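Visitor: Quick one: this structure, given as structure tokens, is what I'll be asking you about.
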Amino acid sequence: MTIDVVSIFPEYLAGLQLSLIGKAVDRGQLALNVRDLRDFTFDRHNTVDDSPYGGGAGMVMKAEPWALALEEILASRPGDVQAAQPSGGAQPTDGAQLIAGAKPTGGAKPTLIVPSPAGEVFDQRIAEDLASRQHLVFACGRYEGIDQRVIDWAGEHFELRPMSIGDYVLNGGEVASMVMIEAISRLIPGVIGNPESLTEESHEDGLLEYPIYTKPASWRGRDVPEILLSGNHAAIARWRRDRRLERTAEVRPDLLARLSDLSRDDQAALE
Ligand code: SAM
């Protein structure tokens, strides 16, 4: 998978070089490219924002730098894009190709994720779906967000997915993108060492995870539940499922209400 990120704070994304995702990049399982939106501006101040039409507080990100950054990403797909001739008077900065009118020539469109509190709420199902894509692009907004026209334009060249990570407002799309990149890329085969650890996690099957323990068996007067020391795998599996059911009922009854296939034993655990 290739992941491209565009941001006015590319340094924010440095954390993705660490830990499992950093290793996946080192192993070549994931290509991660971060672009600075200001590299696609041509004025002295590298302006990316302006005041909103119709008035109101805050600033809006201008369409043109976004279009140029996204066109460069489209053009960088080998064999996938036919770059048009540069047009207009603007000159590209170092490393930024001006390819106004670039058109995909074939293959699946890359997926453009636009973090926004007004987007569809991201969850594990969406992470699983997006983990099957070859090319994800994250457009990190700042200020009041991005001029709608470039988002509409991008919808012609990308599979467009405006995404919220929850019902609250952040200052920018970088942290939201990192959340989504981490959730998606850990589902790519080979990124997590033991794939079994993915199947038993919260949200994989609609239930939250059971409580977990490690050595020592007794810590500050608190003992590990005896069943976990019994070696009886069937009984441990039942105990864990019961705890998952209880925990989900207590913390996220909305998730439990969506489950239609509860067994008799499951029902008993909930009584
Ligand atoms: N004016 C926007 C609104 O009311 O919907 C909020 C803009 S917010 C201050 C700036 C940027 O932060 C957004 O463009 C988006 O990239 C990001 N952002 C803020 N909250 C987010 C959330 N819950 N999920 C995803 N991205 C978010």
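Identifiers in this document derive from the order of the structure tokens: chains are assigned A, B, ..., residues are numbered from 1 separately in each chain, and ligands are numbered from 1 in order of occurrence.
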Select from chain A every residue with an atom at most 12 Å from any atom of ligand 1, then for each give the shortest pair of atoms and their distance in Å to one decimal, using only C-alpha atoms and all ligand atoms, rows by chain and rising number, as JSON lines.

Guide:
{"residue": "A:Val5", "atom": "CA", "partner": "ligand 1", "partner_atom_place_in_ligand_line": "16 (O)", "distance": 11.9}
{"residue": "A:Val6", "atom": "CA", "partner": "ligand 1", "partner_atom_place_in_ligand_line": "16 (O)", "distance": 10.9}
{"residue": "A:Ser7", "atom": "CA", "partner": "ligand 1", "partner_atom_place_in_ligand_line": "16 (O)", "distance": 9.5}
{"residue": "A:Ile8", "atom": "CA", "partner": "ligand 1", "partner_atom_place_in_ligand_line": "16 (O)", "distance": 11.3}
{"residue": "A:Pro52", "atom": "CA", "partner": "ligand 1", "partner_atom_place_in_ligand_line": "1 (N)", "distance": 11.1}
{"residue": "A:Gly56", "atom": "CA", "partner": "ligand 1", "partner_atom_place_in_ligand_line": "1 (N)", "distance": 10.7}
{"residue": "A:Ala57", "atom": "CA", "partner": "ligand 1", "partner_atom_place_in_ligand_line": "1 (N)", "distance": 9.4}
{"residue": "A:Gly58", "atom": "CA", "partner": "ligand 1", "partner_atom_place_in_ligand_line": "1 (N)", "distance": 8.4}
{"residue": "A:Met59", "atom": "CA", "partner": "ligand 1", "partner_atom_place_in_ligand_line": "1 (N)", "distance": 9.2}
{"residue": "A:Val60", "atom": "CA", "partner": "ligand 1", "partner_atom_place_in_ligand_line": "1 (N)", "distance": 8.7}
{"residue": "A:Met61", "atom": "CA", "partner": "ligand 1", "partner_atom_place_in_ligand_line": "14 (O)", "distance": 8.8}
{"residue": "A:Ile113", "atom": "CA", "partner": "ligand 1", "partner_atom_place_in_ligand_line": "25 (C)", "distance": 9.8}
{"residue": "A:Val114", "atom": "CA", "partner": "ligand 1", "partner_atom_place_in_ligand_line": "16 (O)", "distance": 6.7}
{"residue": "A:Pro115", "atom": "CA", "partner": "ligand 1", "partner_atom_place_in_ligand_line": "26 (N)", "distance": 3.8}
{"residue": "A:Ser116", "atom": "CA", "partner": "ligand 1", "partner_atom_place_in_ligand_line": "26 (N)", "distance": 3.8}
{"residue": "A:Pro117", "atom": "CA", "partner": "ligand 1", "partner_atom_place_in_ligand_line": "22 (C)", "distance": 3.8}
{"residue": "A:Ala118", "atom": "CA", "partner": "ligand 1", "partner_atom_place_in_ligand_line": "5 (O)", "distance": 5.1}
{"residue": "A:Gly119", "atom": "CA", "partner": "ligand 1", "partner_atom_place_in_ligand_line": "24 (N)", "distance": 7.2}
{"residue": "A:Glu120", "atom": "CA", "partner": "ligand 1", "partner_atom_place_in_ligand_line": "24 (N)", "distance": 9.0}
{"residue": "A:Val121", "atom": "CA", "partner": "ligand 1", "partner_atom_place_in_ligand_line": "24 (N)", "distance": 7.9}
{"residue": "A:Phe122", "atom": "CA", "partner": "ligand 1", "partner_atom_place_in_ligand_line": "24 (N)", "distance": 8.5}
{"residue": "A:Asp123", "atom": "CA", "partner": "ligand 1", "partner_atom_place_in_ligand_line": "24 (N)", "distance": 11.7}
{"residue": "A:Phe138", "atom": "CA", "partner": "ligand 1", "partner_atom_place_in_ligand_line": "16 (O)", "distance": 9.4}
{"residue": "A:Ala139", "atom": "CA", "partner": "ligand 1", "partner_atom_place_in_ligand_line": "16 (O)", "distance": 7.4}
{"residue": "A:Cys140", "atom": "CA", "partner": "ligand 1", "partner_atom_place_in_ligand_line": "16 (O)", "distance": 4.9}
{"residue": "A:Gly141", "atom": "CA", "partner": "ligand 1", "partner_atom_place_in_ligand_line": "16 (O)", "distance": 3.7}
{"residue": "A:Arg142", "atom": "CA", "partner": "ligand 1", "partner_atom_place_in_ligand_line": "10 (C)", "distance": 4.2}
{"residue": "A:Tyr143", "atom": "CA", "partner": "ligand 1", "partner_atom_place_in_ligand_line": "10 (C)", "distance": 5.0}
{"residue": "A:Glu144", "atom": "CA", "partner": "ligand 1", "partner_atom_place_in_ligand_line": "1 (N)", "distance": 3.8}
{"residue": "A:Gly145", "atom": "CA", "partner": "ligand 1", "partner_atom_place_in_ligand_line": "14 (O)", "distance": 3.6}
{"residue": "A:Ile146", "atom": "CA", "partner": "ligand 1", "partner_atom_place_in_ligand_line": "14 (O)", "distance": 6.4}
{"residue": "A:Asp147", "atom": "CA", "partner": "ligand 1", "partner_atom_place_in_ligand_line": "14 (O)", "distance": 10.0}
{"residue": "A:Gln148", "atom": "CA", "partner": "ligand 1", "partner_atom_place_in_ligand_line": "14 (O)", "distance": 11.0}
{"residue": "A:Ile151", "atom": "CA", "partner": "ligand 1", "partner_atom_place_in_ligand_line": "14 (O)", "distance": 11.6}
{"residue": "A:Arg161", "atom": "CA", "partner": "ligand 1", "partner_atom_place_in_ligand_line": "25 (C)", "distance": 11.3}
{"residue": "A:Pro162", "atom": "CA", "partner": "ligand 1", "partner_atom_place_in_ligand_line": "25 (C)", "distance": 8.4}
{"residue": "A:Met163", "atom": "CA", "partner": "ligand 1", "partner_atom_place_in_ligand_line": "25 (C)", "distance": 5.9}
{"residue": "A:Ser164", "atom": "CA", "partner": "ligand 1", "partner_atom_place_in_ligand_line": "24 (N)", "distance": 3.5}
{"residue": "A:Ile165", "atom": "CA", "partner": "ligand 1", "partner_atom_place_in_ligand_line": "24 (N)", "distance": 4.1}
{"residue": "A:Gly166", "atom": "CA", "partner": "ligand 1", "partner_atom_place_in_ligand_line": "23 (N)", "distance": 4.6}
{"residue": "A:Asp167", "atom": "CA", "partner": "ligand 1", "partner_atom_place_in_ligand_line": "23 (N)", "distance": 5.5}
{"residue": "A:Tyr168", "atom": "CA", "partner": "ligand 1", "partner_atom_place_in_ligand_line": "23 (N)", "distance": 4.8}
{"residue": "A:Val169", "atom": "CA", "partner": "ligand 1", "partner_atom_place_in_ligand_line": "20 (N)", "distance": 3.6}
{"residue": "A:Leu170", "atom": "CA", "partner": "ligand 1", "partner_atom_place_in_ligand_line": "19 (C)", "distance": 3.7}
{"residue": "A:Asn171", "atom": "CA", "partner": "ligand 1", "partner_atom_place_in_ligand_line": "9 (C)", "distance": 4.4}
{"residue": "A:Gly172", "atom": "CA", "partner": "ligand 1", "partner_atom_place_in_ligand_line": "12 (O)", "distance": 3.2}
{"residue": "A:Gly173", "atom": "CA", "partner": "ligand 1", "partner_atom_place_in_ligand_line": "16 (O)", "distance": 3.4}
{"residue": "A:Glu174", "atom": "CA", "partner": "ligand 1", "partner_atom_place_in_ligand_line": "16 (O)", "distance": 7.1}
{"residue": "A:Val175", "atom": "CA", "partner": "ligand 1", "partner_atom_place_in_ligand_line": "26 (N)", "distance": 7.8}
{"residue": "A:Ala176", "atom": "CA", "partner": "ligand 1", "partner_atom_place_in_ligand_line": "25 (C)", "distance": 5.0}
{"residue": "A:Ser177", "atom": "CA", "partner": "ligand 1", "partner_atom_place_in_ligand_line": "25 (C)", "distance": 7.5}
{"residue": "A:Met178", "atom": "CA", "partner": "ligand 1", "partner_atom_place_in_ligand_line": "25 (C)", "distance": 10.3}
{"residue": "A:Val179", "atom": "CA", "partner": "ligand 1", "partner_atom_place_in_ligand_line": "25 (C)", "distance": 9.4}
{"residue": "A:Met180", "atom": "CA", "partner": "ligand 1", "partner_atom_place_in_ligand_line": "25 (C)", "distance": 9.4}

Visitor: Using only C-alpha atoms, determine which residues lie at most 12 Å from Ala183 (chain A), disregarding the query and same-chain residues fewer than 2 positions distant; provide the list as a ChimeraX atom specification.

Guide: /A:16,20-21,122-131,165,176-181,185-188,191-192,198,203-204
